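Asks: Structure file structure_17.csv (CSV, C-alpha atoms and all ligand atoms) is given on the next line.
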```csv
chain,number,residue,atom,x,y,z
Z,1,MET,CA,74.3,128.2,3.3
Z,2,GLN,CA,73.0,124.7,3.0
Z,3,VAL,CA,74.8,123.9,-0.3
Z,4,ASP,CA,78.2,124.8,-1.6
Z,5,HIS,CA,78.4,125.5,-5.3
Z,6,VAL,CA,81.8,124.4,-6.6
Z,7,PRO,CA,82.8,126.3,-9.8
Z,8,PRO,CA,85.5,124.9,-12.0
Z,9,GLY,CA,87.5,128.2,-12.2
Z,10,ASP,CA,88.7,130.0,-15.3
Z,11,PRO,CA,91.2,127.8,-17.2
Z,12,LEU,CA,93.3,130.6,-18.6
Z,13,GLU,CA,93.6,132.5,-15.3
Z,14,ILE,CA,94.5,129.3,-13.5
Z,15,ALA,CA,97.1,128.4,-16.2
Z,16,ASP,CA,98.7,131.9,-16.2
Z,17,ALA,CA,99.0,132.0,-12.4
Z,18,LEU,CA,100.6,128.5,-12.5
Z,19,ALA,CA,103.1,129.4,-15.3
Z,20,SER,CA,104.2,132.5,-13.4
Z,21,ARG,CA,105.6,130.2,-10.6
Z,22,LEU,CA,108.2,128.8,-13.0
Z,23,THR,CA,111.1,130.1,-15.1
Z,24,ASP,CA,110.7,129.1,-18.8
Z,25,PRO,CA,107.8,126.7,-18.4
Z,26,VAL,CA,107.2,124.3,-21.4
Z,27,GLY,CA,103.5,124.7,-21.0
Z,28,VAL,CA,100.5,124.3,-18.7
Z,29,PHE,CA,98.3,121.3,-19.1
Z,30,ALA,CA,94.8,120.4,-17.8
Z,31,ALA,CA,93.3,117.0,-17.2
Z,32,PRO,CA,89.7,116.7,-15.9
Z,33,GLY,CA,88.0,114.8,-13.2
Z,34,ARG,CA,85.1,112.6,-14.2
Z,35,VAL,CA,81.6,111.4,-13.3
Z,36,ASN,CA,80.5,108.1,-14.5
Z,37,LEU,CA,76.9,108.1,-15.9
Z,38,ILE,CA,76.5,104.3,-15.7
Z,39,GLY,CA,78.6,101.2,-15.5
Z,40,GLU,CA,80.0,101.0,-11.9
Z,41,HIS,CA,82.7,98.5,-10.9
Z,42,THR,CA,82.5,97.0,-14.4
Z,43,ASP,CA,85.9,98.2,-15.7
Z,44,TYR,CA,88.0,95.6,-13.8
Z,45,ASN,CA,85.4,93.0,-14.8
Z,46,GLY,CA,86.1,93.5,-18.5
Z,47,GLY,CA,82.8,95.3,-18.8
Z,48,LEU,CA,81.3,98.6,-20.1
Z,49,CYS,CA,81.1,102.0,-18.6
Z,50,LEU,CA,80.0,105.4,-19.7
Z,51,PRO,CA,81.7,108.3,-18.0
Z,52,ILE,CA,82.0,112.0,-18.9
Z,53,ALA,CA,84.8,114.4,-18.3
Z,54,LEU,CA,84.1,117.3,-15.8
Z,55,PRO,CA,84.9,121.0,-16.3
Z,56,HIS,CA,86.8,120.7,-13.1
Z,57,ALA,CA,90.4,119.8,-13.8
Z,58,THR,CA,93.9,119.6,-12.3
Z,59,TYR,CA,96.5,121.8,-13.9
Z,60,ALA,CA,100.2,121.0,-14.2
Z,61,ALA,CA,103.0,123.2,-15.5
Z,62,ALA,CA,106.5,122.0,-16.0
Z,63,ALA,CA,110.0,123.5,-16.6
Z,64,ARG,CA,113.1,121.5,-17.5
Z,65,ARG,CA,116.0,121.3,-15.0
Z,66,ALA,CA,119.6,120.9,-15.9
Z,67,ASP,CA,120.0,118.0,-13.4
Z,68,ASP,CA,118.2,114.6,-13.0
Z,69,ARG,CA,115.8,115.7,-10.3
Z,70,LEU,CA,112.0,115.9,-10.2
Z,71,THR,CA,110.5,118.5,-7.9
Z,72,VAL,CA,106.8,118.8,-7.3
Z,73,THR,CA,104.9,121.6,-5.5
Z,74,SER,CA,101.2,122.3,-5.3
Z,75,VAL,CA,99.1,125.5,-4.9
Z,76,GLN,CA,97.0,123.5,-2.4
Z,77,ARG,CA,100.0,122.3,-0.2
Z,78,GLU,CA,102.9,123.6,1.8
Z,79,ASP,CA,105.2,120.7,1.4
Z,80,ARG,CA,107.5,120.1,-1.6
Z,81,PHE,CA,108.6,116.8,-3.1
Z,82,GLU,CA,112.1,116.3,-4.5
Z,83,SER,CA,113.9,113.2,-5.8
Z,84,ARG,CA,116.3,111.9,-8.3
Z,85,LEU,CA,114.4,110.3,-11.1
Z,86,ASP,CA,116.3,107.1,-10.7
Z,87,ASP,CA,115.3,106.9,-7.0
Z,88,ILE,CA,111.6,106.7,-7.8
Z,89,ALA,CA,110.4,103.1,-7.5
Z,90,PRO,CA,107.5,101.0,-6.1
Z,91,GLY,CA,107.6,101.5,-2.3
Z,92,ALA,CA,110.0,104.5,-2.4
Z,93,VAL,CA,107.4,107.4,-2.4
Z,94,THR,CA,104.4,107.9,-0.2
Z,95,GLY,CA,101.6,110.5,0.1
Z,96,TRP,CA,100.2,112.8,-2.6
Z,97,ALA,CA,103.5,113.2,-4.4
Z,98,SER,CA,103.6,109.5,-5.1
Z,99,TYR,CA,100.9,110.0,-7.8
Z,100,VAL,CA,103.1,112.5,-9.7
Z,101,ALA,CA,106.4,110.7,-9.0
Z,102,GLY,CA,104.6,107.5,-10.1
Z,103,VAL,CA,103.9,109.1,-13.5
Z,104,ALA,CA,107.6,109.8,-14.0
Z,105,TRP,CA,108.4,106.2,-13.1
Z,106,ALA,CA,105.7,104.7,-15.3
Z,107,LEU,CA,106.6,106.9,-18.3
Z,108,ARG,CA,110.3,105.9,-18.0
Z,109,GLU,CA,109.3,102.3,-17.7
Z,110,ALA,CA,107.4,102.8,-21.0
Z,111,GLY,CA,110.6,104.0,-22.6
Z,112,HIS,CA,110.2,107.8,-22.5
Z,113,ASP,CA,113.4,109.6,-21.8
Z,114,LEU,CA,112.4,112.3,-19.2
Z,115,PRO,CA,114.7,115.2,-18.3
Z,116,GLY,CA,114.9,116.5,-14.7
Z,117,MET,CA,112.0,119.0,-14.2
Z,118,ASP,CA,110.1,121.2,-11.8
Z,119,LEU,CA,106.3,120.6,-11.7
Z,120,VAL,CA,103.7,122.9,-10.2
Z,121,ILE,CA,100.2,121.6,-9.7
Z,122,ASP,CA,96.8,123.3,-9.1
Z,123,GLY,CA,94.0,120.8,-8.4
Z,124,ARG,CA,90.5,122.0,-8.9
Z,125,VAL,CA,88.7,118.7,-8.7
Z,126,PRO,CA,87.2,118.2,-5.2
Z,127,VAL,CA,89.4,115.7,-3.3
Z,128,GLY,CA,87.5,112.8,-1.8
Z,129,GLY,CA,84.4,113.5,-3.8
Z,130,GLY,CA,84.7,110.3,-5.9
Z,131,LEU,CA,85.3,112.5,-8.9
Z,132,SER,CA,88.8,111.2,-9.8
Z,133,SER,CA,91.0,114.0,-8.6
Z,134,SER,CA,93.8,111.4,-8.6
Z,135,ALA,CA,93.2,110.6,-12.3
Z,136,ALA,CA,93.2,114.3,-13.1
Z,137,LEU,CA,96.5,114.6,-11.2
Z,138,VAL,CA,98.3,111.8,-12.9
Z,139,CYS,CA,97.0,112.7,-16.4
Z,140,SER,CA,97.9,116.4,-16.1
Z,141,ALA,CA,101.3,115.4,-14.8
Z,142,ALA,CA,101.8,113.0,-17.7
Z,143,LEU,CA,101.0,115.6,-20.3
Z,144,ALA,CA,103.4,118.1,-18.7
Z,145,MET,CA,106.2,115.5,-18.4
Z,146,ILE,CA,105.8,114.4,-22.0
Z,147,ALA,CA,106.0,118.1,-23.1
Z,148,ALA,CA,109.1,118.6,-21.0
Z,149,ALA,CA,110.7,115.6,-22.8
Z,150,GLY,CA,109.9,117.3,-26.1
Z,151,GLU,CA,107.8,114.4,-27.2
Z,152,ASP,CA,104.4,114.2,-28.9
Z,153,VAL,CA,102.4,111.2,-27.6
Z,154,PRO,CA,98.8,110.4,-28.5
Z,155,PRO,CA,96.6,110.4,-25.3
Z,156,ASP,CA,95.7,106.7,-25.8
Z,157,ASP,CA,99.3,105.8,-25.1
Z,158,LEU,CA,99.1,107.5,-21.7
Z,159,VAL,CA,96.3,105.4,-20.3
Z,160,SER,CA,98.6,102.5,-19.3
Z,161,PRO,CA,101.3,104.6,-17.7
Z,162,THR,CA,98.9,106.7,-15.7
Z,163,MET,CA,97.1,103.6,-14.4
Z,164,ARG,CA,100.5,102.1,-13.4
Z,165,ALA,CA,101.4,105.2,-11.6
Z,166,GLU,CA,98.3,105.0,-9.4
Z,167,SER,CA,98.3,101.2,-8.8
Z,168,GLU,CA,102.0,100.5,-8.6
Z,169,ILE,CA,103.5,103.6,-7.0
Z,170,ALA,CA,100.6,105.3,-5.2
Z,171,GLY,CA,99.1,102.0,-4.2
Z,172,ALA,CA,95.5,102.8,-5.3
Z,173,PRO,CA,94.0,100.0,-7.3
Z,174,THR,CA,91.9,101.3,-10.2
Z,175,GLY,CA,90.2,99.7,-13.1
Z,176,GLY,CA,91.2,102.2,-15.8
Z,177,MET,CA,87.9,104.1,-16.3
Z,178,ASP,CA,89.1,107.3,-14.7
Z,179,GLN,CA,92.4,107.7,-16.5
Z,180,THR,CA,90.8,106.7,-19.9
Z,181,VAL,CA,88.0,109.4,-19.7
Z,182,SER,CA,90.3,112.0,-18.3
Z,183,LEU,CA,92.6,111.6,-21.3
Z,184,LEU,CA,89.9,110.9,-24.0
Z,185,GLY,CA,86.7,112.7,-22.9
Z,186,THR,CA,85.2,115.3,-25.3
Z,187,THR,CA,82.7,118.1,-25.0
Z,188,GLU,CA,79.0,117.1,-25.3
Z,189,HIS,CA,79.9,113.4,-25.3
Z,190,ALA,CA,80.1,110.5,-22.9
Z,191,LEU,CA,82.8,108.0,-23.5
Z,192,LEU,CA,81.7,104.4,-23.9
Z,193,ILE,CA,84.6,102.2,-22.8
Z,194,ASP,CA,84.7,98.5,-23.5
Z,195,PHE,CA,87.2,96.9,-21.2
Z,196,ARG,CA,87.1,93.6,-23.0
Z,197,ASP,CA,89.3,95.1,-25.7
Z,198,HIS,CA,90.0,98.6,-24.3
Z,199,THR,CA,88.1,100.3,-27.2
Z,200,THR,CA,86.2,103.5,-26.8
Z,201,ARG,CA,83.4,105.2,-28.6
Z,202,GLN,CA,82.0,108.8,-28.2
Z,203,VAL,CA,78.3,108.8,-27.4
Z,204,GLY,CA,76.4,112.1,-27.7
Z,205,TRP,CA,75.5,113.5,-24.2
Z,206,ASP,CA,73.9,116.9,-24.2
Z,207,PRO,CA,71.1,117.0,-21.7
Z,208,GLU,CA,71.0,120.8,-21.8
Z,209,ALA,CA,69.7,120.7,-25.3
Z,210,ALA,CA,66.7,118.7,-24.0
Z,211,GLY,CA,66.1,121.2,-21.2
Z,212,LEU,CA,67.8,118.9,-18.7
Z,213,THR,CA,70.8,119.3,-16.3
Z,214,LEU,CA,73.0,116.6,-14.8
Z,215,LEU,CA,73.7,117.6,-11.2
Z,216,VAL,CA,76.7,116.2,-9.5
Z,217,ILE,CA,76.3,116.3,-5.7
Z,218,ASP,CA,79.3,115.6,-3.5
Z,219,THR,CA,78.1,114.2,-0.2
Z,220,ARG,CA,81.4,115.0,1.4
Z,221,ALA,CA,81.1,111.6,3.2
Z,222,ALA,CA,84.3,109.8,3.6
Z,223,HIS,CA,85.6,108.1,0.4
Z,224,ALA,CA,89.1,106.6,-0.1
Z,225,LEU,CA,90.0,104.2,-2.8
Z,226,VAL,CA,93.0,103.0,-0.9
Z,227,ASP,CA,90.7,101.7,1.9
Z,228,GLY,CA,89.6,98.1,1.9
Z,229,GLY,CA,86.1,98.3,0.4
Z,230,TYR,CA,87.1,98.7,-3.2
Z,231,ALA,CA,89.6,95.9,-3.0
Z,232,ALA,CA,87.1,93.6,-1.2
Z,233,ARG,CA,84.5,94.1,-4.0
Z,234,ARG,CA,87.2,93.4,-6.6
Z,235,ALA,CA,88.2,90.2,-4.8
Z,236,ASP,CA,84.6,89.1,-4.6
Z,237,CYS,CA,84.2,89.6,-8.4
Z,238,GLU,CA,87.4,87.7,-9.1
Z,239,ALA,CA,86.3,84.9,-6.8
Z,240,ALA,CA,82.9,84.7,-8.6
Z,241,ALA,CA,84.5,84.6,-12.0
Z,242,ALA,CA,86.9,81.9,-10.9
Z,243,GLN,CA,84.1,79.7,-9.5
Z,244,LEU,CA,82.3,80.0,-12.8
Z,245,GLY,CA,85.5,79.1,-14.7
Z,246,LEU,CA,85.5,82.5,-16.4
Z,247,GLU,CA,88.4,84.9,-16.9
Z,248,THR,CA,86.1,87.9,-16.0
Z,249,LEU,CA,82.4,88.4,-15.2
Z,250,ARG,CA,82.0,90.0,-18.6
Z,251,ALA,CA,81.5,86.6,-20.0
Z,252,ALA,CA,78.9,85.6,-17.3
Z,253,THR,CA,75.2,85.2,-18.2
Z,254,PRO,CA,72.4,85.6,-15.7
Z,255,ALA,CA,72.1,81.8,-15.7
Z,256,ASP,CA,75.8,81.5,-14.8
Z,257,VAL,CA,75.3,83.9,-11.9
Z,258,ASP,CA,72.4,81.7,-10.6
Z,259,ARG,CA,74.8,78.8,-10.3
Z,260,LEU,CA,76.9,80.6,-7.6
Z,261,ASP,CA,76.3,79.0,-4.2
Z,262,ASP,CA,77.5,81.8,-2.1
Z,263,ASP,CA,74.9,84.5,-1.5
Z,264,ARG,CA,77.3,87.4,-1.3
Z,265,LEU,CA,79.2,86.4,-4.4
Z,266,ARG,CA,75.9,85.8,-6.3
Z,267,ARG,CA,74.7,89.3,-5.4
Z,268,ARG,CA,78.1,90.9,-6.4
Z,269,ALA,CA,78.0,89.1,-9.7
Z,270,THR,CA,74.3,90.0,-10.2
Z,271,HIS,CA,75.3,93.7,-9.9
Z,272,VAL,CA,78.1,93.4,-12.5
Z,273,VAL,CA,76.1,91.5,-15.1
Z,274,THR,CA,73.0,93.7,-14.8
Z,275,GLU,CA,75.1,96.9,-14.7
Z,276,ILE,CA,76.9,96.0,-17.9
Z,277,ALA,CA,73.4,95.5,-19.5
Z,278,ARG,CA,72.3,98.8,-18.1
Z,279,VAL,CA,75.2,100.6,-19.9
Z,280,GLU,CA,73.8,99.2,-23.2
Z,281,GLN,CA,70.3,100.3,-22.2
Z,282,VAL,CA,71.4,103.9,-21.6
Z,283,VAL,CA,73.4,104.0,-24.9
Z,284,GLU,CA,70.2,102.8,-26.7
Z,285,ALA,CA,68.0,105.3,-24.9
Z,286,LEU,CA,70.3,108.2,-25.7
Z,287,ALA,CA,70.3,107.2,-29.4
Z,288,VAL,CA,66.6,107.9,-29.5
Z,289,GLY,CA,66.5,110.8,-27.1
Z,290,ASP,CA,64.6,108.7,-24.4
Z,291,TRP,CA,65.7,110.7,-21.4
Z,292,ALA,CA,63.0,109.3,-19.1
Z,293,GLY,CA,64.4,105.9,-20.0
Z,294,VAL,CA,67.9,107.0,-19.0
Z,295,GLY,CA,66.5,108.1,-15.6
Z,296,THR,CA,64.8,104.8,-15.1
Z,297,VAL,CA,68.0,102.9,-15.7
Z,298,PHE,CA,69.9,105.2,-13.3
Z,299,ALA,CA,67.4,104.3,-10.6
Z,300,ALA,CA,67.9,100.6,-11.2
Z,301,SER,CA,71.6,101.0,-11.1
Z,302,HIS,CA,71.5,102.7,-7.7
Z,303,ALA,CA,69.3,100.0,-6.2
Z,304,SER,CA,71.8,97.4,-7.5
Z,305,MET,CA,74.7,99.2,-5.9
Z,306,ARG,CA,72.8,99.7,-2.6
Z,307,ASP,CA,71.4,96.2,-2.3
Z,308,ASP,CA,73.6,93.8,-4.2
Z,309,PHE,CA,77.0,95.4,-4.4
Z,310,GLU,CA,76.6,97.2,-1.1
Z,311,ILE,CA,78.7,100.2,-1.8
Z,312,SER,CA,76.2,103.0,-1.0
Z,313,CYS,CA,75.9,104.9,2.3
Z,314,PRO,CA,73.2,106.9,4.0
Z,315,GLU,CA,74.3,110.2,2.5
Z,316,LEU,CA,74.2,108.9,-1.0
Z,317,ASP,CA,70.8,107.3,-0.5
Z,318,VAL,CA,69.4,110.5,0.9
Z,319,VAL,CA,70.7,112.5,-2.2
Z,320,VAL,CA,69.1,109.9,-4.5
Z,321,GLU,CA,65.8,109.6,-2.6
Z,322,THR,CA,65.4,113.4,-2.2
Z,323,ALA,CA,66.2,114.2,-5.8
Z,324,VAL,CA,63.8,111.6,-7.1
Z,325,ALA,CA,61.1,112.7,-4.7
Z,326,GLN,CA,61.5,116.3,-6.0
Z,327,GLY,CA,61.1,115.2,-9.6
Z,328,ALA,CA,64.5,114.1,-10.9
Z,329,LEU,CA,64.2,111.7,-13.9
Z,330,GLY,CA,66.7,109.5,-12.1
Z,331,ALA,CA,69.6,109.5,-9.7
Z,332,ARG,CA,72.4,107.2,-8.6
Z,333,MET,CA,75.6,107.2,-6.7
Z,334,THR,CA,78.6,107.3,-9.0
Z,335,GLY,CA,82.2,106.2,-8.7
Z,336,GLY,CA,83.8,103.7,-6.3
Z,337,GLY,CA,81.2,104.2,-3.5
Z,338,PHE,CA,81.3,104.3,0.3
Z,339,GLY,CA,80.8,108.0,0.1
Z,340,GLY,CA,81.7,110.5,-2.7
Z,341,SER,CA,79.1,111.8,-5.1
Z,342,ALA,CA,75.8,111.1,-6.6
Z,343,ILE,CA,74.4,112.3,-10.0
Z,344,ALA,CA,70.8,113.4,-10.6
Z,345,LEU,CA,69.3,114.0,-14.1
Z,346,VAL,CA,66.8,116.8,-13.6
Z,347,ARG,CA,64.7,119.3,-15.5
Z,348,SER,CA,66.8,122.5,-15.7
Z,349,ASP,CA,63.9,124.6,-14.5
Z,350,GLY,CA,63.6,122.4,-11.4
Z,351,ALA,CA,67.3,122.1,-10.6
Z,352,ASP,CA,67.4,124.8,-7.9
Z,353,ARG,CA,64.5,123.3,-6.0
Z,354,ILE,CA,66.2,119.9,-6.0
Z,355,VAL,CA,69.5,121.3,-4.9
Z,356,ASP,CA,67.8,123.2,-2.0
Z,357,SER,CA,65.9,120.1,-1.0
Z,358,VAL,CA,69.0,118.0,-0.8
Z,359,GLY,CA,70.7,120.8,1.2
Z,360,ALA,CA,67.8,120.9,3.6
Z,361,ALA,CA,67.7,117.1,4.0
Z,362,PHE,CA,71.4,117.2,4.9
Z,363,GLY,CA,70.8,120.1,7.3
Z,364,GLU,CA,68.0,118.2,9.1
Z,365,ARG,CA,70.4,115.3,9.7
Z,366,GLY,CA,73.2,117.5,11.0
Z,367,TRP,CA,75.4,116.6,8.0
Z,368,PRO,CA,77.9,119.1,6.5
Z,369,ALA,CA,76.6,120.9,3.4
Z,370,PRO,CA,76.9,118.9,0.2
Z,371,GLY,CA,78.8,120.4,-2.8
Z,372,VAL,CA,77.1,120.9,-6.1
Z,373,LEU,CA,79.0,120.9,-9.3
Z,374,PRO,CA,77.9,121.9,-12.8
Z,375,ALA,CA,78.7,119.0,-15.1
Z,376,PRO,CA,78.5,119.7,-18.8
Z,377,ALA,CA,80.6,117.0,-20.6
Z,378,SER,CA,83.9,118.7,-21.0
Z,379,PRO,CA,87.2,118.2,-22.9
Z,380,GLY,CA,89.8,115.6,-21.9
Z,381,ALA,CA,93.4,116.3,-21.1
Z,382,HIS,CA,94.9,119.1,-23.2
Z,383,ARG,CA,97.4,121.9,-23.3
Z,384,VAL,CA,96.0,125.2,-21.9
Z,385,ARG,CA,99.1,127.4,-22.5
Z,401,LIG,C1,86.9,103.9,-9.0
Z,401,LIG,C2,88.0,103.2,-9.9
Z,401,LIG,C3,87.5,102.9,-11.2
Z,401,LIG,C4,86.1,102.2,-11.2
Z,401,LIG,C5,85.2,102.9,-10.2
Z,401,LIG,C6,83.9,102.2,-10.0
Z,401,LIG,O1,86.6,105.2,-9.5
Z,401,LIG,O2,89.1,104.0,-9.9
Z,401,LIG,O3,88.4,102.2,-12.0
Z,401,LIG,O4,86.3,100.9,-10.8
Z,401,LIG,O5,85.7,103.1,-9.0
Z,401,LIG,O6,83.2,102.1,-11.2
```
Is it possible to give me this structure as C-alpha cells?

Replies:
Amino acid sequence: MQVDHVPPGDPLEIADALASRLTDPVGVFAAPGRVNLIGEHTDYNGGLCLPIALPHATYAAAARRADDRLTVTSVQREDRFESRLDDIAPGAVTGWASYVAGVAWALREAGHDLPGMDLVIDGRVPVGGGLSSSAALVCSAALAMIAAAGEDVPPDDLVSPTMRAESEIAGAPTGGMDQTVSLLGTTEHALLIDFRDHTTRQVGWDPEAAGLTLLVIDTRAAHALVDGGYAARRADCEAAAAQLGLETLRAATPADVDRLDDDRLRRRATHVVTEIARVEQVVEALAVGDWAGVGTVFAASHASMRDDFEISCPELDVVVETAVAQGALGARMTGGGFGGSAIALVRSDGADRIVDSVGAAFGERGWPAPGVLPAPASPGAHRVR
C-alpha cells in the first residue's frame, strides 16, 4: 500500500477499554490533536491563527489514590512513571511522562489542590506528524486531573497551565495555538485566535457542505519541536521585532519590515506580517463561501514558509506540488515545519485520486508511505465517560 489511512478510532470503545484498566476511575477525557488552516509561526509573534481540532485525540482516565503519588502508564508504552507530586519540578522529569507530570506541576502552581492519582493514557494522534500529539496529551491529562480533584474548571483556564507544562517541564517551547484549540475547538468551526489579547472566535468551517474535503497528509518526515529549528525561527522573530523597536512583529507594517537591514531577518519578518494578513483573508473568504480564494491563500502561505521562513522540506513540497497538480484548490504545510504534515483542500470526488498521486510520488522517491487522516473540524477537550 502506498498510503496509510489513519482512522481516529471509536471514542466510546477507546474510553471503555481505558477505564477498565483502573479501579474506580473518575472518568475518561479526550483532547484532540489539531491542524492549523493558516497562520503559521504567528502565535508567539502576537498574531492570528486559524486551527481546527482533529477527530484524532488522546484519551486520559484517572483514579484517585490514597497517597500523594502520581503514576502514569500508556497503552502505547511499556514503561511506567511514578513520583511524589511534590517532587515534580522543572528539570526533575524527562521523556514522555514529563508532559503529564508537567500538567500536575502547572495545575498545582495555578493553585489547584490535586490528590495522588493513577493516570492511564491512550494516544491516537500520530506522534511526530506535526499534529500536536503533545497538546492532546497535556490537555487530556489536565481534564482528568481536574476531575480527580473534584473541581469544575472552564477550559479557558487550562490554556496557561497546559502551555507551562510543555514549556517549563517538558522543555518544548510552544506559542499557545495547539493547547488553545485542543481545549476550545468545536465541530464544524475553526478557531480564530488573536494572540495580541488571547481572544478567540469560532469561524464556520464546513468544506464537506461545499463538496470539498480537507486532507491532512502526514509526510512521516522527521519533526521535533524540541530541536533547534523552531527556537531559531522564534529568536529571529524576536530579533527583528527588537531592531524595529516593537514588542512583537504583530505591530510591524510592511514598510517597517523593509527597514530591516539583515536579509534573513527581513524574510522572517515578511513571512510573519504577510501570514497574519493571510489569516484575515481566509476568514473573509470563508464568510462569503469563496473556497477558491481560500485555496489561493493556502498556496501563498506555503510559498512564504518555503522561501522566506524556510521551514518546509522536500517531502512537504512534494505533497503540496502533487496535490495542486492533481486539482487541489490549494495546499500548504501546516504546524511547526521541518517535516510533519501538509493540508490540501480538494474536491471530495477527486480526493482519492490526489491521495493516490501523493502516495505514488513518495513511492517513486523511495520515501515511506505517507499517512492520510480525515479531518472534519471536531470537538475540543471533553469528558467521554
Ligand atoms: C508549533 C507550536 C505552535 C505554533 C506552530 C507554528 O505547533 O507548538 O505554538 O507556533 O508550531 O504555527

Asks: If you measure from CA of Gly171 in chain Z to CA of Ala231 in chain Z, what distance in Å do you get, rounded to one decimal?

Replies: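 Value for the CA of Gly171 in chain Z-CA of Ala231 in chain Z distance: 11.4 Å.
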
Asks: Hey, what's within 7 Å of range 377-379 of chain Z if we count only C-alpha atoms and toss same-chain stuff fewer than 4 positions away? As a ChimeraX atom specification, please?

Replies: /Z:52-55,185-190

Asks: When you look at Ala15 in chain Z with a cut-off of 10 Å (counting only C-alpha atoms), what residues show up, excluding the ones that are within fewer than 5 positions of it in the same chain? I need them as a list in words.

Replies: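 Near Ala15 in chain Z, the qualifying residues are Asp10, Ser20, Gly27, Val28, Phe29, Ala30, Tyr59, Ala60, Ala61, Ile121, Asp122, Arg383, Val384 and Arg385 of chain Z.
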
Asks: Measure the distance from CA of Asp194 in chain Z to CA of Glu208 in chain Z in Å and round it to one decimal.

Replies: 26.2 Å

Asks: Go through chain Z residue by residue and, counting only C-alpha atoms and all ligand atoms, keep those with an atom at most 8 Å from ligand LIG 401 (chain Z); for each kept residue give the shortest atom pair and its distance in Å to one decimal, ordered by chain and increasing number, as a Markdown table.

Replies:
```
| residue | atom | partner | partner_atom | distance |
| --- | --- | --- | --- | --- |
| Z:Asn36 | CA | Z:LIG401 | O6 | 7.4 |
| Z:Gly39 | CA | Z:LIG401 | O6 | 6.4 |
| Z:Glu40 | CA | Z:LIG401 | O6 | 3.5 |
| Z:His41 | CA | Z:LIG401 | O6 | 3.6 |
| Z:Thr42 | CA | Z:LIG401 | O6 | 6.1 |
| Z:Asp43 | CA | Z:LIG401 | O4 | 5.6 |
| Z:Tyr44 | CA | Z:LIG401 | O4 | 6.3 |
| Z:Cys49 | CA | Z:LIG401 | O6 | 7.7 |
| Z:Gly130 | CA | Z:LIG401 | O1 | 6.5 |
| Z:Leu131 | CA | Z:LIG401 | O1 | 7.4 |
| Z:Ser132 | CA | Z:LIG401 | O1 | 6.4 |
| Z:Ala172 | CA | Z:LIG401 | O2 | 8.0 |
| Z:Pro173 | CA | Z:LIG401 | O2 | 6.8 |
| Z:Thr174 | CA | Z:LIG401 | O2 | 3.9 |
| Z:Gly175 | CA | Z:LIG401 | O3 | 3.3 |
| Z:Gly176 | CA | Z:LIG401 | O3 | 4.7 |
| Z:Met177 | CA | Z:LIG401 | O3 | 4.7 |
| Z:Asp178 | CA | Z:LIG401 | O3 | 5.8 |
| Z:Leu225 | CA | Z:LIG401 | C1 | 6.9 |
| Z:Tyr230 | CA | Z:LIG401 | O5 | 7.4 |
| Z:Thr334 | CA | Z:LIG401 | O6 | 7.3 |
| Z:Gly335 | CA | Z:LIG401 | C6 | 4.5 |
| Z:Gly336 | CA | Z:LIG401 | O5 | 3.4 |
| Z:Gly337 | CA | Z:LIG401 | O5 | 7.2 |
```

Asks: When you draw a straight line from CA of Ala170 in chain Z to CA of Cys139 in chain Z, how long is it in Å?

Replies: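 Interatomic distance here is 13.9 Å.
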
Asks: Just the residues within 7 Å of range 338-343 of chain Z, please, counting only C-alpha atoms, with nothing from its chain fewer than 5 positions along; format it as a list in words.

Replies: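 That gives Gly128, Gly129, Gly130, Leu214, Leu215, Val216, Ile217, Asp218, Thr219, Arg220, Ala221, Ala222, His223, Ile311, Ser312, Cys313, Leu316, Val319, Ala331, Arg332 and Met333 of chain Z.
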
Asks: Which residue out of Z:Ile276, Z:Ala251, Z:Val181, Z:Ala136 has the minimum interatomic distance to Arg201 in chain Z when all atoms listed in the file are used?

Replies: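 When distances to Arg201 in chain Z are compared using all atoms listed in the file, the smallest one comes from Z:Val181.
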
Asks: Any chance you could tabulate, as JSON lines, the residues of range 184-283 of chain Z at most 7 Å from range 347-359 of chain Z with each one's nearest atom pair and distance in Å to one decimal, using only C-alpha atoms, in chain and rising number order?

Replies:
```
{"residue": "Z:Gly211", "atom": "CA", "partner": "Z:Ser348", "partner_atom": "CA", "distance": 5.7}
{"residue": "Z:Leu212", "atom": "CA", "partner": "Z:Arg347", "partner_atom": "CA", "distance": 4.5}
{"residue": "Z:Thr213", "atom": "CA", "partner": "Z:Ser348", "partner_atom": "CA", "distance": 5.2}
```

Asks: Could you save the residues just selected, with C-alpha atoms, as a short mmCIF file (atom, residue, chain, number, x, y, z; two decimals), in the frame of the given file?

Replies:
```
data_model
loop_
_atom_site.label_atom_id
_atom_site.label_comp_id
_atom_site.auth_asym_id
_atom_site.auth_seq_id
_atom_site.Cartn_x
_atom_site.Cartn_y
_atom_site.Cartn_z
CA GLY Z 211 66.10 121.20 -21.20
CA LEU Z 212 67.80 118.90 -18.70
CA THR Z 213 70.80 119.30 -16.30
#
```

Asks: Extract, using all atoms listed in the file, all DNA, RNA and protein residues at most 8 Å from Val100 in chain Z, discarding same-chain residues fewer than 6 positions from it, and format them as an NGL selection string.

Replies: :Z and (72 or 137-138 or 141 or 165)

Asks: Identify which of the residues Z:Pro25, Z:Pro207, Z:Gly123, Z:Pro154 lies closest to Ser74 in chain Z, counting all atoms listed in the file when measuring atom-to-atom distances.

Replies: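 Of Z:Pro25, Z:Pro207, Z:Gly123, Z:Pro154, the one nearest Ser74 in chain Z is Z:Gly123, counting all atoms listed in the file.
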
Asks: Tell me which of Z:Pro51, Z:Met145, Z:Gly46, Z:Leu18 sits closest to Leu192 in chain Z, counting all atoms listed in the file.

Replies: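 Using all atoms listed in the file, Leu192 in chain Z sits closest to Z:Pro51.
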
Asks: Can you pull out the residues contacting Leu183 in chain Z? Cut-off 7 Å, using all atoms listed in the file, and skip same-chain residues under 6 positions away; I want them as a list in words.

Replies: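 So, after excluding close chain neighbours, the residues are Ala31, Cys139, Pro155, Gly380 and Ala381 of chain Z.
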
Asks: With all atoms listed in the file as the atoms that count, which of Z:Ser98, Z:Ser83, Z:Ser304, Z:Thr296 lies nearest to Ala344 in chain Z?

Replies: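 Smallest separation from Ala344 in chain Z among the options: Z:Thr296.
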
Asks: Could you check which of Z:Glu310, Z:Trp105, Z:Gly150, Z:Pro11 is closest to Met163 in chain Z, using all atoms listed in the file?

Replies: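 The shortest atom-to-atom distance to Met163 in chain Z comes from Z:Trp105.
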
Asks: Mind listing whatever residues come within 6 Å of the point (73.2, 92.2, -8.3)? Use only C-alpha atoms, file coordinates, and give them as a count of residues only.

Replies: 7
